[in-house]
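Below: one structure, written as structure tokens.
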Amino acid sequence: MRFLRRNADEATESTTTEDAPAEVNPADPSRTPGKGRPTPKRREAEGKRRGPVPPPPRTQREALKRARGSKVSKEERRAANLERRQRMMAGEDKYLLPRDRGPVKAYIRDVVDSRRNLMGLFMPLAILVFVALLVPMPAVQQYATLLTTFMLLAMIVEGFVLGRLVARRVRLKFPNDTTRGLSIGWYSFIRASQLRRLRVPKPRVSPGDKV
């Protein structure tokens with residue numbers, strides 16, 4: 001019985017010692033016991049806080065929105081926009097709008113740019129009609145109206161012929177392409193109706209070049 005009592009007392013004492021919290025050094029009260037694991041580095045902590053890297057922007061509007069949200073100076077933002085504009089005008093596929101991307105659209109632009117189209121006079125014709133309407137002379141307005149009517153009819157016919165021509169050439173060069181002929185014709189019409197120096201991206205071929 002004496003030995004049993006001693007063993008019970010020793011077990012109680014050891015349990016009390018294990019459950020007791022770690023003592024703080026009275027000489028240095030600010031020092032706390034260790035956490036039991038290494039402290040993470042600053043780079044690892046910042047990486048976990050920031051999360052995964054976002055994907056690249058798919059459109060110019062999304063890129064501008066991200067640029068405005070980031071803390072960059074106006075000069076850096078202006079330089080980035082200028083570089084993006086230059087790359088888009090150069091025809092780099094990554095910086096183009098979704099409607100202009102792909103080898104098929106690049107080929108359509110080359111075919112249209114290699115031709116001299118009457119539809120390229122659409123904008124100057126519209127300005128001429130606007131000026132003629134301001135002239136207080138019925139004869140001038142009448143001739144301007146007739147000229148505009150004939151020009152618009154000629155442009156419509158030319159646009160229809162150009163769309164059929166470009167669609168046929170696209171089918172021959174890209175037999176596996178699934179773009180509809182109406183979409184090809186409309187894209188060709190819009191490209192041809194713009195002034196040559198205002199086309200985006202800039203033409204890569206000159207009028208008369210073989211594509």
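Naming scheme: A, B, ... for chains in displayed order of the structure tokens; residues 1 onward per chain; ligands 1 onward as shown.
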* Surrounding residues of A:Val112 excluding itself and chain neighbours under 2 positions, 8 Å, only C-alpha atoms, as a PyMOL selection string -> chain A and resi 108-110+114-115+166+188+191-192
* Tell me which protein, DNA and RNA residues are within 12 Å of A:Ile184, counting only C-alpha atoms, leaving out same-chain ones fewer than 5 positions away, and put them as an MDAnalysis selection string. => chainID A and resid 99:100 104:109 111:112 159:160 162:171 177:179 189:191
Kindly export the residues of the current selection with N, CA and C atoms, as a CSV table (one decimal), in the first residue's frame.
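Result saved to again-v7.csv:
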chain,number,residue,atom,x,y,z
A,99,ARG,N,-12.8,41.0,-83.5
A,99,ARG,CA,-13.3,40.9,-84.8
A,99,ARG,C,-12.2,40.9,-85.9
A,100,ASP,N,-11.0,41.4,-85.6
A,100,ASP,CA,-9.9,41.5,-86.5
A,100,ASP,C,-8.9,40.4,-86.4
A,104,VAL,N,-7.6,34.4,-91.3
A,104,VAL,CA,-8.6,34.7,-92.3
A,104,VAL,C,-8.9,36.2,-92.4
A,105,LYS,N,-9.1,36.8,-91.3
A,105,LYS,CA,-9.3,38.3,-91.3
A,105,LYS,C,-8.1,39.0,-91.9
A,106,ALA,N,-6.9,38.6,-91.6
A,106,ALA,CA,-5.7,39.2,-92.1
A,106,ALA,C,-5.7,39.1,-93.7
A,107,TYR,N,-6.1,37.9,-94.1
A,107,TYR,CA,-6.1,37.7,-95.6
A,107,TYR,C,-7.2,38.5,-96.3
A,108,ILE,N,-8.3,38.7,-95.6
A,108,ILE,CA,-9.4,39.5,-96.2
A,108,ILE,C,-8.9,41.0,-96.3
A,109,ARG,N,-8.3,41.4,-95.3
A,109,ARG,CA,-7.8,42.8,-95.3
A,109,ARG,C,-6.7,43.0,-96.4
A,111,VAL,N,-6.6,41.3,-99.2
A,111,VAL,CA,-7.3,41.3,-100.5
A,111,VAL,C,-8.0,42.7,-100.8
A,112,VAL,N,-8.6,43.2,-99.8
A,112,VAL,CA,-9.3,44.5,-100.0
A,112,VAL,C,-8.3,45.6,-100.2
A,159,GLY,N,-19.8,46.6,-103.6
A,159,GLY,CA,-19.7,45.9,-102.3
A,159,GLY,C,-20.1,44.5,-102.5
A,160,PHE,N,-21.2,44.2,-103.2
A,160,PHE,CA,-21.7,42.9,-103.4
A,160,PHE,C,-20.7,42.0,-104.2
A,162,LEU,N,-17.5,42.6,-104.5
A,162,LEU,CA,-16.3,42.4,-103.7
A,162,LEU,C,-16.5,41.3,-102.7
A,163,GLY,N,-17.6,41.3,-102.0
A,163,GLY,CA,-17.9,40.3,-101.0
A,163,GLY,C,-17.9,38.9,-101.6
A,164,ARG,N,-18.5,38.7,-102.8
A,164,ARG,CA,-18.5,37.4,-103.4
A,164,ARG,C,-17.1,37.0,-103.8
A,165,LEU,N,-16.3,38.0,-104.3
A,165,LEU,CA,-14.9,37.7,-104.7
A,165,LEU,C,-14.1,37.3,-103.5
A,166,VAL,N,-14.1,38.0,-102.5
A,166,VAL,CA,-13.3,37.7,-101.3
A,166,VAL,C,-13.7,36.4,-100.7
A,167,ALA,N,-15.0,36.1,-100.6
A,167,ALA,CA,-15.5,34.9,-100.0
A,167,ALA,C,-15.0,33.7,-100.8
A,168,ARG,N,-15.0,33.8,-102.1
A,168,ARG,CA,-14.5,32.7,-103.0
A,168,ARG,C,-13.0,32.5,-102.8
A,169,ARG,N,-12.2,33.6,-102.7
A,169,ARG,CA,-10.8,33.4,-102.4
A,169,ARG,C,-10.5,32.9,-101.1
A,170,VAL,N,-11.3,33.2,-100.1
A,170,VAL,CA,-11.1,32.7,-98.7
A,170,VAL,C,-11.4,31.2,-98.7
A,171,ARG,N,-12.4,30.8,-99.4
A,171,ARG,CA,-12.7,29.3,-99.5
A,171,ARG,C,-11.6,28.5,-100.1
A,177,ASP,N,-12.1,26.6,-93.1
A,177,ASP,CA,-12.7,27.7,-92.4
A,177,ASP,C,-14.2,27.6,-92.4
A,178,THR,N,-14.8,28.0,-91.3
A,178,THR,CA,-16.3,27.9,-91.2
A,178,THR,C,-17.0,29.2,-91.1
A,179,THR,N,-16.2,30.3,-91.4
A,179,THR,CA,-16.8,31.6,-91.4
A,179,THR,C,-17.9,31.8,-92.5
A,189,PHE,N,-16.8,44.8,-97.0
A,189,PHE,CA,-17.5,46.0,-97.3
A,189,PHE,C,-17.0,47.1,-96.3
A,190,ILE,N,-17.0,46.8,-95.0
A,190,ILE,CA,-16.6,47.8,-94.0
A,190,ILE,C,-15.2,48.2,-94.2
A,191,ARG,N,-14.3,47.3,-94.5
A,191,ARG,CA,-12.9,47.6,-94.7
A,191,ARG,C,-12.7,48.5,-96.0
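Going from atom CA of A:Tyr95 over to atom CA of A:Asn117, you cover 27.3 Å.
Nearest residue to A:Gln194, choosing from A:Gly120, A:Pro175, A:Pro103, A:Gly181 and counting only C-alpha atoms: A:Gly120.
Taking only C-alpha atoms, the non-local environment of A:Leu128 within 12 Å (same-chain residues fewer than 4 positions away omitted) comprises Leu121, Phe122, Met123, Pro124, Ala132, Leu133, Leu134, Val135, Val140, Gln141, Tyr143, Ala144, Thr145, Leu147 and Thr148 of chain A.
Distances to A:Thr149 were evaluated for A:Ala126, A:Leu182, A:Val161, A:Leu96 using only C-alpha atoms, and the minimum falls at A:Ala126.
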* Asked: Using only C-alpha atoms, which of A:Pro98, A:Ser193, A:Leu82, A:Gly91 sits nearest A:Met155?
  -> A:Ser193
* Which residue out of A:Met89, A:Leu97, A:Leu198, A:Ile156 has the minimum interatomic distance to A:Pro57 when only C-alpha atoms are used? -> A:Leu97
* Coordinates-based distance that separates atom CA of A:Tyr187 from atom CA of A:Pro207 (Å, one decimal) -> 18.5 Å
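If you measure from each of A:Ala63, A:Val200, A:Val157, A:Leu152 to A:Leu125 using only C-alpha atoms, the closest one turns out to be A:Leu152.
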* **From A:Met88, A:Glu83, A:Trp186, A:Arg180, residue lying nearest A:Lys202 [only C-alpha atoms]** => A:Met88
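Atom CA of A:Pro201 sits 6.1 Å away from atom CA of A:Ala90.
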